[in-house]
file start08.cif (mmCIF, C-alpha atoms and all ligand atoms)
data_my_file
loop_
_atom_site.label_atom_id
_atom_site.label_comp_id
_atom_site.auth_asym_id
_atom_site.auth_seq_id
_atom_site.Cartn_x
_atom_site.Cartn_y
_atom_site.Cartn_z
CA MET A 150 -39.22 -21.24 58.59
CA ASP A 151 -41.14 -20.94 61.83
CA LEU A 152 -40.79 -24.56 63.00
CA LYS A 153 -43.37 -24.33 65.75
CA LYS A 154 -45.92 -22.91 63.33
CA ALA A 155 -45.05 -25.45 60.62
CA ARG A 156 -45.55 -28.34 63.07
CA GLN A 157 -49.00 -27.02 63.86
CA ASP A 158 -49.96 -27.71 60.24
CA PHE A 159 -49.59 -31.47 60.89
CA PRO A 160 -52.44 -32.99 62.91
CA THR A 161 -50.37 -36.14 63.65
CA LEU A 162 -47.82 -34.02 65.49
CA GLN A 163 -50.35 -32.49 67.85
CA ALA A 164 -50.21 -34.07 71.29
CA ASP A 165 -53.96 -33.78 71.73
CA ALA A 166 -54.66 -35.63 68.49
CA ARG A 167 -52.96 -38.80 69.79
CA GLN A 168 -52.64 -40.42 73.18
CA LYS A 169 -48.99 -41.12 72.57
CA GLN A 170 -46.54 -38.53 71.27
CA ILE A 171 -44.59 -39.82 68.29
CA ILE A 172 -41.19 -39.00 66.91
CA TYR A 173 -41.61 -39.67 63.23
CA PHE A 174 -38.27 -40.51 61.60
CA ASP A 175 -39.65 -42.68 58.78
CA ASN A 176 -40.12 -39.88 56.28
CA ALA A 177 -38.36 -41.68 53.44
CA CYS A 178 -41.20 -44.19 53.52
CA GLN A 179 -44.04 -41.69 53.74
CA THR A 180 -44.14 -38.20 55.16
CA LEU A 181 -46.88 -36.91 57.44
CA ARG A 182 -49.63 -34.81 55.84
CA PRO A 183 -50.44 -31.18 56.54
CA ARG A 184 -54.02 -30.10 57.12
CA VAL A 185 -54.27 -28.46 53.65
CA VAL A 186 -53.71 -31.84 51.98
CA ILE A 187 -56.26 -33.59 54.19
CA ASP A 188 -58.70 -30.73 53.49
CA ALA A 189 -58.24 -31.08 49.72
CA ILE A 190 -59.03 -34.80 49.91
CA GLN A 191 -62.01 -34.18 52.13
CA GLN A 192 -63.26 -31.39 49.92
CA TYR A 193 -63.45 -33.79 46.98
CA TYR A 194 -65.45 -36.40 48.87
CA LEU A 195 -67.72 -33.88 50.56
CA SER A 196 -68.44 -31.60 47.61
CA GLU A 197 -67.94 -33.22 44.22
CA PRO A 198 -67.13 -36.93 44.40
CA ALA A 199 -67.63 -37.29 40.65
CA CYS A 200 -65.64 -38.24 37.52
CA ALA A 201 -63.37 -35.89 35.63
CA GLY A 202 -63.48 -35.56 31.88
CA ARG A 203 -66.49 -37.77 31.11
CA SER A 204 -69.79 -36.36 32.29
CA MET A 205 -71.27 -33.00 31.36
CA HIS A 206 -72.76 -32.01 34.72
CA HIS A 207 -71.39 -29.27 36.97
CA MET A 208 -69.83 -31.64 39.52
CA ALA A 209 -67.79 -33.35 36.79
CA ALA A 210 -66.71 -29.96 35.44
CA GLU A 211 -65.47 -29.03 38.91
CA VAL A 212 -63.43 -32.26 39.19
CA THR A 213 -61.96 -31.74 35.69
CA ARG A 214 -60.93 -28.24 36.74
CA GLY A 215 -59.43 -29.54 40.00
CA VAL A 216 -57.35 -32.18 38.21
CA ASP A 217 -56.17 -29.64 35.66
CA GLN A 218 -55.14 -27.23 38.43
CA ALA A 219 -53.22 -30.00 40.20
CA ARG A 220 -51.43 -30.90 36.96
CA THR A 221 -50.50 -27.26 36.44
CA ALA A 222 -49.24 -27.01 40.04
CA VAL A 223 -47.05 -30.12 39.64
CA ALA A 224 -45.71 -28.88 36.27
CA LYS A 225 -44.73 -25.62 37.96
CA PHE A 226 -43.23 -27.45 40.94
CA LEU A 227 -40.99 -29.49 38.61
CA GLY A 228 -40.25 -26.68 36.13
CA ALA A 229 -41.83 -28.61 33.25
CA ALA A 230 -42.32 -26.82 29.94
CA ARG A 231 -46.03 -27.74 29.80
CA LYS A 232 -48.60 -29.45 31.98
CA GLU A 233 -49.14 -32.25 29.44
CA GLU A 234 -45.69 -33.54 30.41
CA ILE A 235 -47.12 -34.56 33.80
CA VAL A 236 -48.64 -38.05 33.97
CA PHE A 237 -50.41 -38.95 37.20
CA THR A 238 -49.52 -42.39 38.53
CA ARG A 239 -49.94 -44.30 41.78
CA ASN A 240 -46.28 -43.99 42.77
CA THR A 241 -42.67 -43.90 41.56
CA THR A 242 -42.77 -47.63 40.88
CA GLU A 243 -45.59 -47.23 38.38
CA GLY A 244 -43.83 -44.37 36.59
CA ILE A 245 -40.66 -46.42 36.15
CA ASN A 246 -42.63 -49.46 35.01
CA LEU A 247 -44.45 -47.31 32.50
CA VAL A 248 -41.21 -46.18 30.86
CA ALA A 249 -39.63 -49.64 31.08
CA HIS A 250 -42.54 -51.29 29.31
CA ALA A 251 -43.36 -48.53 26.84
CA LEU A 252 -39.88 -47.60 25.66
CA GLY A 253 -39.69 -50.53 23.24
CA LEU A 254 -36.37 -51.98 24.40
CA HIS A 255 -34.98 -54.73 22.23
CA SER A 256 -31.96 -56.97 21.86
CA GLY A 257 -28.80 -54.89 21.60
CA ASP A 258 -30.13 -52.11 23.87
CA VAL A 259 -28.36 -51.54 27.18
CA VAL A 260 -29.92 -50.03 30.32
CA LEU A 261 -27.57 -48.68 33.00
CA VAL A 262 -28.44 -48.55 36.69
CA SER A 263 -26.26 -48.14 39.79
CA ASP A 264 -25.44 -50.82 42.37
CA LYS A 265 -27.72 -49.33 45.02
CA GLU A 266 -31.04 -48.86 43.29
CA HIS A 267 -34.33 -49.36 45.08
CA ASN A 268 -36.08 -52.51 43.81
CA SER A 269 -38.51 -50.21 42.00
CA ASN A 270 -35.67 -49.02 39.79
CA LEU A 271 -34.15 -52.45 39.35
CA ILE A 272 -36.80 -55.13 39.01
CA PRO A 273 -38.72 -53.38 36.15
CA TRP A 274 -35.48 -53.29 34.13
CA GLN A 275 -34.59 -56.89 35.00
CA THR A 276 -38.06 -57.95 33.89
CA VAL A 277 -38.12 -55.99 30.65
CA ALA A 278 -34.53 -56.98 29.81
CA ARG A 279 -35.46 -60.64 30.24
CA LYS A 280 -38.46 -60.30 27.94
CA SER A 281 -36.89 -58.07 25.30
CA GLY A 282 -33.34 -59.39 25.14
CA ALA A 283 -31.95 -56.01 26.22
CA THR A 284 -28.99 -55.96 28.64
CA LEU A 285 -29.07 -54.51 32.15
CA ARG A 286 -25.72 -53.27 33.35
CA VAL A 287 -24.87 -52.18 36.89
CA VAL A 288 -22.44 -49.29 37.50
CA PRO A 289 -20.49 -49.76 40.76
CA SER A 290 -20.35 -46.99 43.35
CA ARG A 291 -17.17 -45.85 45.08
CA ALA A 292 -16.11 -47.49 48.36
CA ASP A 293 -17.98 -44.81 50.36
CA ASN A 294 -21.17 -45.49 48.32
CA SER A 295 -20.91 -42.22 46.37
CA PHE A 296 -21.52 -42.08 42.62
CA ASP A 297 -18.49 -42.97 40.52
CA LEU A 298 -18.48 -40.68 37.47
CA GLU A 299 -15.44 -42.45 35.96
CA ALA A 300 -17.07 -45.88 36.21
CA PHE A 301 -20.22 -44.37 34.73
CA GLU A 302 -18.30 -42.82 31.84
CA GLN A 303 -16.68 -46.18 31.12
CA ALA A 304 -20.06 -47.91 31.10
CA LEU A 305 -21.47 -45.38 28.62
CA GLU A 306 -20.58 -47.35 25.56
CA PRO A 307 -22.53 -47.50 22.27
CA GLY A 308 -25.79 -49.38 22.72
CA VAL A 309 -26.71 -47.68 26.00
CA ARG A 310 -30.29 -46.63 25.33
CA LEU A 311 -31.25 -45.47 28.79
CA VAL A 312 -29.61 -44.56 32.09
CA SER A 313 -31.99 -45.01 35.04
CA LEU A 314 -30.68 -43.78 38.37
CA GLY A 315 -31.88 -42.92 41.82
CA TYR A 316 -31.40 -39.15 42.16
CA THR A 317 -31.13 -39.42 45.96
CA SER A 318 -30.63 -42.81 47.58
CA ASN A 319 -33.11 -44.17 50.11
CA LEU A 320 -30.28 -46.28 51.49
CA ASP A 321 -27.83 -43.55 52.53
CA GLY A 322 -29.27 -40.19 51.42
CA LEU A 323 -26.50 -39.54 48.90
CA THR A 324 -27.44 -37.50 45.83
CA ILE A 325 -25.87 -38.13 42.43
CA PRO A 326 -24.44 -35.29 40.30
CA ALA A 327 -27.53 -35.40 38.11
CA ALA A 328 -26.70 -32.52 35.73
CA GLU A 329 -23.29 -34.02 34.91
CA VAL A 330 -24.74 -37.53 34.54
CA ILE A 331 -27.41 -36.27 32.14
CA HIS A 332 -24.90 -34.24 30.13
CA ARG A 333 -22.59 -37.25 29.72
CA ALA A 334 -25.45 -39.66 28.95
CA HIS A 335 -26.86 -37.35 26.28
CA ARG A 336 -23.40 -36.93 24.77
CA ALA A 337 -23.28 -40.72 24.45
CA GLY A 338 -26.75 -40.78 22.85
CA ALA A 339 -28.59 -42.25 25.86
CA LEU A 340 -31.80 -41.10 27.51
CA VAL A 341 -31.97 -40.52 31.28
CA LEU A 342 -34.66 -41.41 33.78
CA LEU A 343 -34.28 -40.10 37.32
CA ASP A 344 -35.95 -41.93 40.18
CA ALA A 345 -36.69 -38.83 42.24
CA ALA A 346 -38.68 -40.56 45.00
CA GLN A 347 -36.16 -39.36 47.61
CA ALA A 348 -34.96 -36.20 45.84
CA ALA A 349 -38.22 -34.39 45.09
CA PRO A 350 -39.21 -33.98 48.78
CA HIS A 351 -35.84 -32.40 49.65
CA ARG A 352 -34.49 -30.33 46.77
CA LYS A 353 -35.70 -27.92 44.12
CA ILE A 354 -35.90 -29.80 40.85
CA SER A 355 -36.09 -28.16 37.45
CA VAL A 356 -36.64 -30.85 34.84
CA SER A 357 -36.09 -28.28 32.09
CA GLY A 358 -32.88 -27.00 33.70
CA LEU A 359 -31.58 -30.55 34.17
CA ASP A 360 -32.72 -31.51 30.66
CA VAL A 361 -33.76 -34.89 32.08
CA ASP A 362 -35.88 -37.08 29.81
CA PHE A 363 -38.05 -38.83 32.40
CA LEU A 364 -38.47 -38.36 36.14
CA ALA A 365 -40.63 -40.34 38.54
CA LEU A 366 -41.74 -39.38 42.04
CA SER A 367 -44.19 -40.41 44.76
CA GLY A 368 -46.73 -38.00 46.25
CA HIS A 369 -46.76 -39.77 49.62
CA LYS A 370 -43.07 -39.00 50.15
CA LEU A 371 -43.65 -35.26 49.72
CA LEU A 372 -46.66 -34.63 51.95
CA GLY A 373 -49.19 -35.87 49.38
CA PRO A 374 -51.81 -38.61 49.73
CA SER A 375 -50.85 -42.30 49.80
CA GLY A 376 -50.79 -43.97 46.42
CA THR A 377 -50.18 -40.86 44.34
CA GLY A 378 -47.28 -40.22 42.01
CA VAL A 379 -46.04 -38.45 38.93
CA LEU A 380 -44.14 -39.41 35.85
CA TYR A 381 -42.62 -36.43 34.06
CA GLY A 382 -41.52 -36.96 30.46
CA LYS A 383 -40.42 -34.62 27.70
CA TYR A 384 -43.52 -34.23 25.58
CA LYS A 385 -41.99 -35.54 22.34
CA LEU A 386 -40.73 -38.63 24.19
CA LEU A 387 -44.10 -39.25 25.83
CA GLU A 388 -45.65 -39.03 22.35
CA SER A 389 -43.18 -41.59 21.02
CA LEU A 390 -43.66 -44.07 23.88
CA ASP A 391 -45.91 -47.05 23.41
CA THR A 392 -48.86 -47.37 25.78
CA PHE A 393 -48.68 -49.18 29.15
CA MET A 394 -52.03 -49.60 30.90
CA VAL A 395 -54.84 -49.05 28.40
CA GLY A 396 -58.64 -48.80 28.46
CA GLY A 397 -61.20 -46.12 29.27
CA GLU A 398 -60.02 -42.50 29.02
CA THR A 399 -56.93 -43.42 26.97
CA VAL A 400 -58.62 -43.35 23.56
CA ALA A 401 -60.45 -40.86 21.35
CA THR A 402 -62.44 -43.62 19.69
CA SER A 403 -62.44 -47.36 19.06
CA THR A 404 -63.92 -49.96 16.75
CA TYR A 405 -64.12 -53.70 17.46
CA GLU A 406 -60.73 -54.09 15.85
CA THR A 407 -58.73 -50.99 16.70
CA CYS A 408 -58.59 -47.67 18.53
CA GLN A 409 -57.15 -44.19 18.33
CA PHE A 410 -55.15 -43.20 21.39
CA LEU A 411 -55.37 -39.73 22.89
CA PRO A 412 -52.20 -37.62 23.14
CA PRO A 413 -50.16 -37.60 26.40
CA PRO A 414 -50.88 -37.51 29.25
CA GLU A 415 -54.31 -39.09 28.67
CA LYS A 416 -52.99 -42.09 26.76
CA PHE A 417 -51.20 -43.17 29.96
CA GLU A 418 -53.93 -42.45 32.52
CA ALA A 419 -56.17 -45.46 32.05
CA GLY A 420 -59.48 -45.80 33.88
CA LEU A 421 -61.00 -43.71 36.61
CA GLN A 422 -58.32 -41.87 38.54
CA ASP A 423 -57.72 -41.07 42.22
CA TYR A 424 -59.17 -37.55 41.85
CA ALA A 425 -59.06 -36.85 45.58
CA GLY A 426 -55.44 -37.99 45.65
CA ILE A 427 -54.50 -35.87 42.65
CA MET A 428 -56.04 -32.77 44.23
CA GLY A 429 -54.31 -33.58 47.50
CA LEU A 430 -51.03 -33.86 45.63
CA GLY A 431 -51.62 -30.45 44.05
CA ALA A 432 -52.15 -29.02 47.54
CA ALA A 433 -48.97 -30.78 48.80
CA VAL A 434 -46.63 -29.30 46.19
CA LYS A 435 -48.04 -25.82 46.75
CA TYR A 436 -47.55 -26.22 50.52
CA LEU A 437 -43.96 -27.44 50.02
CA GLN A 438 -43.15 -24.44 47.87
CA GLY A 439 -44.47 -22.25 50.66
CA ILE A 440 -42.05 -23.88 53.14
CA GLY A 441 -39.18 -23.59 50.63
CA PHE A 442 -36.34 -26.02 49.92
CA ASP A 443 -33.66 -23.84 51.54
CA ALA A 444 -35.47 -24.07 54.86
CA ILE A 445 -36.09 -27.81 54.39
CA GLN A 446 -32.42 -28.55 53.72
CA LYS A 447 -31.23 -26.30 56.53
CA GLN A 448 -33.33 -28.16 59.11
CA GLU A 449 -32.36 -31.59 57.76
CA GLN A 450 -28.68 -30.66 57.89
CA LEU A 451 -28.97 -29.45 61.45
CA LEU A 452 -30.65 -32.68 62.56
CA ASN A 453 -28.38 -34.99 60.57
CA GLU A 454 -25.32 -33.28 62.02
CA CYS A 455 -26.74 -33.57 65.54
CA ILE A 456 -27.59 -37.29 65.18
CA THR A 457 -24.37 -38.22 63.38
CA THR A 458 -22.27 -36.50 66.04
CA GLY A 459 -24.34 -38.04 68.80
CA ILE A 460 -24.12 -41.68 67.69
CA GLN A 461 -20.92 -42.10 65.67
CA ASP A 462 -18.78 -43.06 68.69
CA LEU A 463 -21.13 -45.86 69.79
CA PRO A 464 -19.16 -49.13 69.90
CA GLY A 465 -19.86 -51.37 66.90
CA LEU A 466 -21.91 -48.78 65.04
CA HIS A 467 -21.34 -48.51 61.27
CA LEU A 468 -22.81 -45.63 59.29
CA ILE A 469 -23.81 -46.44 55.71
CA GLY A 470 -22.41 -43.89 53.28
CA PRO A 471 -19.90 -41.13 54.02
CA ALA A 472 -19.30 -39.98 57.59
CA ASP A 473 -20.01 -36.35 56.58
CA PRO A 474 -23.69 -35.69 57.38
CA HIS A 475 -23.81 -32.87 54.82
CA LEU A 476 -23.57 -35.45 52.06
CA ARG A 477 -26.43 -37.59 53.36
CA GLY A 478 -29.38 -35.12 53.29
CA GLY A 479 -31.99 -36.24 55.80
CA VAL A 480 -30.86 -39.86 56.08
CA VAL A 481 -28.91 -41.57 58.87
CA SER A 482 -28.56 -45.30 58.08
CA PHE A 483 -26.50 -47.57 60.28
CA TYR A 484 -26.09 -51.09 61.58
CA MET A 485 -24.67 -52.26 64.90
CA ASP A 486 -22.52 -55.31 65.43
CA GLY A 487 -24.38 -58.01 67.31
CA ILE A 488 -27.83 -56.33 67.36
CA ASP A 489 -30.55 -57.08 64.85
CA ALA A 490 -31.81 -53.91 63.11
CA HIS A 491 -35.47 -54.83 63.66
CA ARG A 492 -34.80 -55.22 67.36
CA ILE A 493 -33.34 -51.72 67.55
CA ALA A 494 -36.34 -50.31 65.67
CA LEU A 495 -38.81 -52.06 67.97
CA MET A 496 -37.00 -50.87 71.07
CA LEU A 497 -36.87 -47.26 69.86
CA ASP A 498 -40.61 -47.43 69.28
CA GLN A 499 -41.38 -49.04 72.64
CA MET A 500 -39.03 -46.84 74.64
CA ALA A 501 -39.84 -43.44 73.18
CA GLY A 502 -42.37 -43.75 70.33
CA ILE A 503 -39.63 -43.25 67.75
CA ALA A 504 -40.62 -44.50 64.29
CA VAL A 505 -37.69 -45.58 62.11
CA ARG A 506 -37.30 -48.11 59.31
CA SER A 507 -35.28 -51.29 59.71
CA GLY A 508 -34.32 -54.04 57.30
CA GLN A 509 -33.05 -53.84 53.76
CA HIS A 510 -35.15 -50.85 52.64
CA CYS A 511 -36.02 -52.49 49.28
CA VAL A 512 -32.34 -52.38 48.32
CA HIS A 513 -31.84 -56.11 48.87
CA SER A 514 -29.32 -56.28 46.02
CA TRP A 515 -26.94 -53.92 47.85
CA PHE A 516 -27.29 -55.70 51.21
CA ASN A 517 -26.79 -59.09 49.56
CA ALA A 518 -23.73 -57.84 47.69
CA HIS A 519 -22.28 -56.49 50.95
CA GLN A 520 -23.35 -59.57 52.95
CA LEU A 521 -25.23 -57.46 55.47
CA GLN A 522 -28.46 -58.47 57.22
CA GLY A 523 -29.99 -55.03 57.39
CA ALA A 524 -29.79 -51.53 58.80
CA VAL A 525 -31.72 -48.99 60.80
CA ARG A 526 -32.69 -45.83 58.94
CA ALA A 527 -33.72 -42.57 60.56
CA SER A 528 -35.08 -40.37 57.78
CA LEU A 529 -35.72 -36.78 58.76
CA TYR A 530 -37.89 -33.99 57.47
CA PHE A 531 -38.27 -30.29 58.10
CA TYR A 532 -40.88 -30.70 60.85
CA ASN A 533 -38.55 -32.80 63.01
CA THR A 534 -36.90 -31.02 65.91
CA GLN A 535 -33.54 -30.99 67.65
CA ALA A 536 -35.24 -32.23 70.83
CA GLU A 537 -36.49 -35.26 68.89
CA ALA A 538 -32.99 -35.87 67.52
CA GLU A 539 -31.59 -35.76 71.06
CA THR A 540 -34.24 -38.20 72.33
CA PHE A 541 -33.25 -40.52 69.49
CA ILE A 542 -29.57 -40.31 70.45
CA ASP A 543 -30.27 -40.89 74.17
CA ASN A 544 -32.40 -43.94 73.48
CA LEU A 545 -29.96 -45.46 71.00
CA ARG A 546 -27.18 -45.04 73.56
CA LYS A 547 -29.35 -46.78 76.17
CA ILE A 548 -29.99 -49.66 73.77
CA ARG A 549 -26.28 -50.06 73.08
CA LYS A 550 -25.62 -50.13 76.80
CA VAL A 551 -28.13 -52.88 77.60
CA LEU A 552 -27.57 -55.13 74.56
C1 LIG A 601 -35.34 -44.30 45.84
C2 LIG A 601 -36.70 -44.91 45.77
N1 LIG A 601 -37.21 -45.27 44.59
C3 LIG A 601 -38.42 -45.79 44.47
C4 LIG A 601 -39.22 -46.01 45.56
C5 LIG A 601 -40.56 -46.59 45.38
O1 LIG A 601 -41.54 -45.68 45.77
P1 LIG A 601 -43.06 -46.10 45.75
O2 LIG A 601 -43.18 -47.30 46.63
O3 LIG A 601 -43.76 -44.91 46.26
O4 LIG A 601 -43.37 -46.43 44.33
C6 LIG A 601 -38.75 -45.65 46.82
C7 LIG A 601 -39.54 -45.91 48.03
O5 LIG A 601 -39.09 -45.91 49.13
C8 LIG A 601 -37.46 -45.09 46.93
O6 LIG A 601 -36.96 -44.73 48.11
#

call {"tool": "encode", "arguments": {"input": "start08.cif", "output": "structure tokens"}}
result
Amino acid sequence: MDLKKARQDFPTLQADARQKQIIYFDNACQTLRPRVVIDAIQQYYLSEPACAGRSMHHMAAEVTRGVDQARTAVAKFLGAARKEEIVFTRNTTEGINLVAHALGLHSGDVVLVSDKEHNSNLIPWQTVARKSGATLRVVPSRADNSFDLEAFEQALEPGVRLVSLGYTSNLDGLTIPAAEVIHRAHRAGALVLLDAAQAAPHRKISVSGLDVDFLALSGHKLLGPSGTGVLYGKYKLLESLDTFMVGGETVATSTYETCQFLPPPEKFEAGLQDYAGIMGLGAAVKYLQGIGFDAIQKQEQLLNECITTGIQDLPGLHLIGPADPHLRGGVVSFYMDGIDAHRIALMLDQMAGIAVRSGQHCVHSWFNAHQLQGAVRASLYFYNTQAEAETFIDNLRKIRKVL
């Protein structure tokens, strides 16, 4: 990857586009957007801001074609067997909620999650378990926060209907051994949903190769527009799911009493969609494939190594997850004795325009269980540079010195 050239694709990174230069290390929240994604959104609003699928006129036909092309691009990106396995959503949260509510869980069913799930892969299951009488069980991680296959195997008892796990953690960047997890879950008769919000931007995923049943991701975490997402499901499973949101565009016909639902994905895509967002998402996955996941991981490793080495000796600093940066992808999460995480984040921003996340990162359950107030998270992406990493280190060292 030509880093200099890649950075030029991102208007936010151009010094002349902003008064203040930023160092954007909040990529796990949302990534920046390349020009091609912004162009795709703009193209929709400038040329054919119409509905897909409903009207007969040429503008509508163009939008229908654009949505279909985006669906095909995402199916290819994820290695899905067919494009009808791709359901467009607003985000990962919606995809997980869809499965949670449409799976038809009932008393006697068990859902397994880990002890460090994002709220979006915890609260939907808590809610549905409460309503349905199903049981939610939490599999503990090892002491270093890594996935415990033995504990998982023990939890895989009869009655486990679904295993729903974060593929890569937004807390510490650790990735679970997904292929092995899926193999063991299937052997025990359970389905698997992967929350790929933090995995899909950083690694090549083949849903067919993994044999995963459901997978949810967010477009805005992989260069796509805000409020876009995807739920992948094996076609037969999507057919067997109940509906979630219903209304216009989900049915072939209706009477006053009943209706006939369309096949997937339409039965899940209720109402007018974010066509500009969907086309932007199509452009994002194509752009990402052009960059390539080998190059993405190589750059993240370089930066994570640099930051980990540069800050690990700071007095009172505790890294979350294993010390080895190679196990934590693009994430460096830490807390410092005696300094509030929000204060560190604010100071980094004020001192050098460095954008990081602070707090409990929507993993309140983990922080509460560990009796920790919060952490600072630097989340890196391929367009970040070594110079930025060094600026981060210098400023964190200054903060430690003065506080
Ligand atoms: C691991 C993980 N799962 C789910 C989500 C929820 O994503 P969204 O807010 O885009 O639905 C996030 C967001 O940070 C995440 O990191």

call {"tool": "residues_near_ligand", "arguments": {"input": "start08.cif", "ligand": "ligand LIG 601 (chain A)", "cutoff": "6 Å", "atoms": "all atoms listed in the file", "output": "list in words"}}
result
Cys178, Asn240, Thr241, Thr242, His267, Ser269, Gly315, Ser318, Asn319, Asp344, Ala346, Gln347 and Ser367 of chain A

call {"tool": "residues_around", "arguments": {"input": "start08.cif", "residues": "range 188-194 of chain A", "least_positions_apart": "2", "cutoff": "8 Å", "atoms": "all atoms listed in the file", "output": "list in words"}}
result
Arg184, Val185, Val186, Ser196, Glu197, Pro198, Val212, Tyr424, Ala425, Gly426, Met428, Gly429 and Ala432 of chain A

call {"tool": "residues_around", "arguments": {"input": "start08.cif", "residues": "Pro307 in chain A", "least_positions_apart": "2", "cutoff": "8 Å", "atoms": "all atoms listed in the file", "output": "number ranges by chain"}}
result
A: 305, 309, 337-338

call {"tool": "write_last_selection", "arguments": {"input": "start08.cif", "atoms": "C-alpha atoms", "output": "tab-separated table (two decimals), keeping the file's coordinate frame"}}
result
chain	number	residue	atom	x	y	z
A	305	LEU	CA	-21.47	-45.38	28.62
A	309	VAL	CA	-26.71	-47.68	26.00
A	337	ALA	CA	-23.28	-40.72	24.45
A	338	GLY	CA	-26.75	-40.78	22.85

call {"tool": "atom_distance", "arguments": {"input": "start08.cif", "atom1": "CA of Leu181 in chain A", "atom2": "CA of Ala444 in chain A"}}
result
17.4 Å

call {"tool": "closest_residue", "arguments": {"input": "start08.cif", "among": "A:Lys225, A:Arg220, A:His332, A:Arg239", "to": "Ala419 in chain A", "atoms": "all atoms listed in the file"}}
result
A:Arg239

call {"tool": "atom_distance", "arguments": {"input": "start08.cif", "atom1": "CA of Ala501 in chain A", "atom2": "CA of Asp462 in chain A"}}
result
21.5 Å

call {"tool": "residues_around", "arguments": {"input": "start08.cif", "residues": "range 542-550 of chain A", "least_positions_apart": "3", "cutoff": "7 Å", "atoms": "all atoms listed in the file", "output": "ChimeraX atom specification"}}
result
/A:456,459-460,497,538-539

call {"tool": "write_last_selection", "arguments": {"input": "start08.cif", "atoms": "C-alpha atoms", "output": "mmCIF file, in the frame of the given file"}}
result
data_model
loop_
_atom_site.group_PDB
_atom_site.id
_atom_site.type_symbol
_atom_site.label_atom_id
_atom_site.label_comp_id
_atom_site.auth_asym_id
_atom_site.auth_seq_id
_atom_site.Cartn_x
_atom_site.Cartn_y
_atom_site.Cartn_z
ATOM 1 C CA ILE A 456 -27.590 -37.290 65.180
ATOM 2 C CA GLY A 459 -24.340 -38.040 68.800
ATOM 3 C CA ILE A 460 -24.120 -41.680 67.690
ATOM 4 C CA LEU A 497 -36.870 -47.260 69.860
ATOM 5 C CA ALA A 538 -32.990 -35.870 67.520
ATOM 6 C CA GLU A 539 -31.590 -35.760 71.060
#

call {"tool": "closest_residue", "arguments": {"input": "start08.cif", "among": "A:Ser375, A:Thr392, A:Ser482, A:Ser256", "to": "Ile187 in chain A", "atoms": "all atoms listed in the file"}}
result
A:Ser375

call {"tool": "closest_residue", "arguments": {"input": "start08.cif", "among": "A:Pro273, A:Val260, A:Ser281, A:Lys154", "to": "Ala304 in chain A", "atoms": "all atoms listed in the file"}}
result
A:Val260

call {"tool": "atom_distance", "arguments": {"input": "start08.cif", "atom1": "CA of Ala365 in chain A", "atom2": "CA of Arg214 in chain A"}}
result
23.7 Å

call {"tool": "closest_residue", "arguments": {"input": "start08.cif", "among": "A:Leu314, A:Val223, A:Ala177, A:Ala155", "to": "Tyr381 in chain A", "atoms": "all atoms listed in the file"}}
result
A:Val223

call {"tool": "closest_residue", "arguments": {"input": "start08.cif", "among": "A:Gln461, A:Thr276, A:Gly376, A:Pro183", "to": "Arg156 in chain A", "atoms": "all atoms listed in the file"}}
result
A:Pro183

call {"tool": "closest_residue", "arguments": {"input": "start08.cif", "among": "A:Gly441, A:Gly244, A:Pro474, A:Pro413", "to": "Met150 in chain A", "atoms": "all atoms listed in the file"}}
result
A:Gly441

call {"tool": "residues_around", "arguments": {"input": "start08.cif", "residues": "Pro160 in chain A", "least_positions_apart": "2", "cutoff": "8 Å", "atoms": "all atoms listed in the file", "output": "PyMOL selection string"}}
result
chain A and resi 157-158+162-163+166+182-184

call {"tool": "closest_atom_pairs", "arguments": {"input": "start08.cif", "of": "range 311-399 of chain A", "to": "range 300-303 of chain A", "cutoff": "12 Å", "atoms": "only C-alpha atoms", "output": "JSON lines"}}
result
{"residue": "A:Val312", "atom": "CA", "partner": "A:Phe301", "partner_atom": "CA", "distance": 9.8}
{"residue": "A:Ser313", "atom": "CA", "partner": "A:Phe301", "partner_atom": "CA", "distance": 11.8}
{"residue": "A:Leu314", "atom": "CA", "partner": "A:Phe301", "partner_atom": "CA", "distance": 11.1}
{"residue": "A:Ile325", "atom": "CA", "partner": "A:Phe301", "partner_atom": "CA", "distance": 11.4}
{"residue": "A:Pro326", "atom": "CA", "partner": "A:Phe301", "partner_atom": "CA", "distance": 11.5}
{"residue": "A:Glu329", "atom": "CA", "partner": "A:Glu302", "partner_atom": "CA", "distance": 10.6}
{"residue": "A:Val330", "atom": "CA", "partner": "A:Phe301", "partner_atom": "CA", "distance": 8.2}
{"residue": "A:Ile331", "atom": "CA", "partner": "A:Phe301", "partner_atom": "CA", "distance": 11.1}
{"residue": "A:His332", "atom": "CA", "partner": "A:Glu302", "partner_atom": "CA", "distance": 11.0}
{"residue": "A:Arg333", "atom": "CA", "partner": "A:Glu302", "partner_atom": "CA", "distance": 7.3}
{"residue": "A:Ala334", "atom": "CA", "partner": "A:Glu302", "partner_atom": "CA", "distance": 8.3}
{"residue": "A:His335", "atom": "CA", "partner": "A:Glu302", "partner_atom": "CA", "distance": 11.6}
{"residue": "A:Arg336", "atom": "CA", "partner": "A:Glu302", "partner_atom": "CA", "distance": 10.5}
{"residue": "A:Ala337", "atom": "CA", "partner": "A:Glu302", "partner_atom": "CA", "distance": 9.2}
{"residue": "A:Ala339", "atom": "CA", "partner": "A:Glu302", "partner_atom": "CA", "distance": 11.9}

call {"tool": "residues_near_point", "arguments": {"input": "start08.cif", "point": "(-24.4, -50.0, 56.0)", "cutoff": "9 Å", "atoms": "only C-alpha atoms", "output": "MDAnalysis selection string"}}
result
chainID A and resid 320:321 467:470 482:484 516 519 521 523:525

call {"tool": "residues_near_point", "arguments": {"input": "start08.cif", "point": "(-40.8, -48.6, 25.1)", "cutoff": "12 Å", "atoms": "all atoms listed in the file", "output": "NGL selection string"}}
result
:A and (245-255 or 258 or 274 or 277-278 or 281 or 283 or 310-311 or 340 or 386-393)
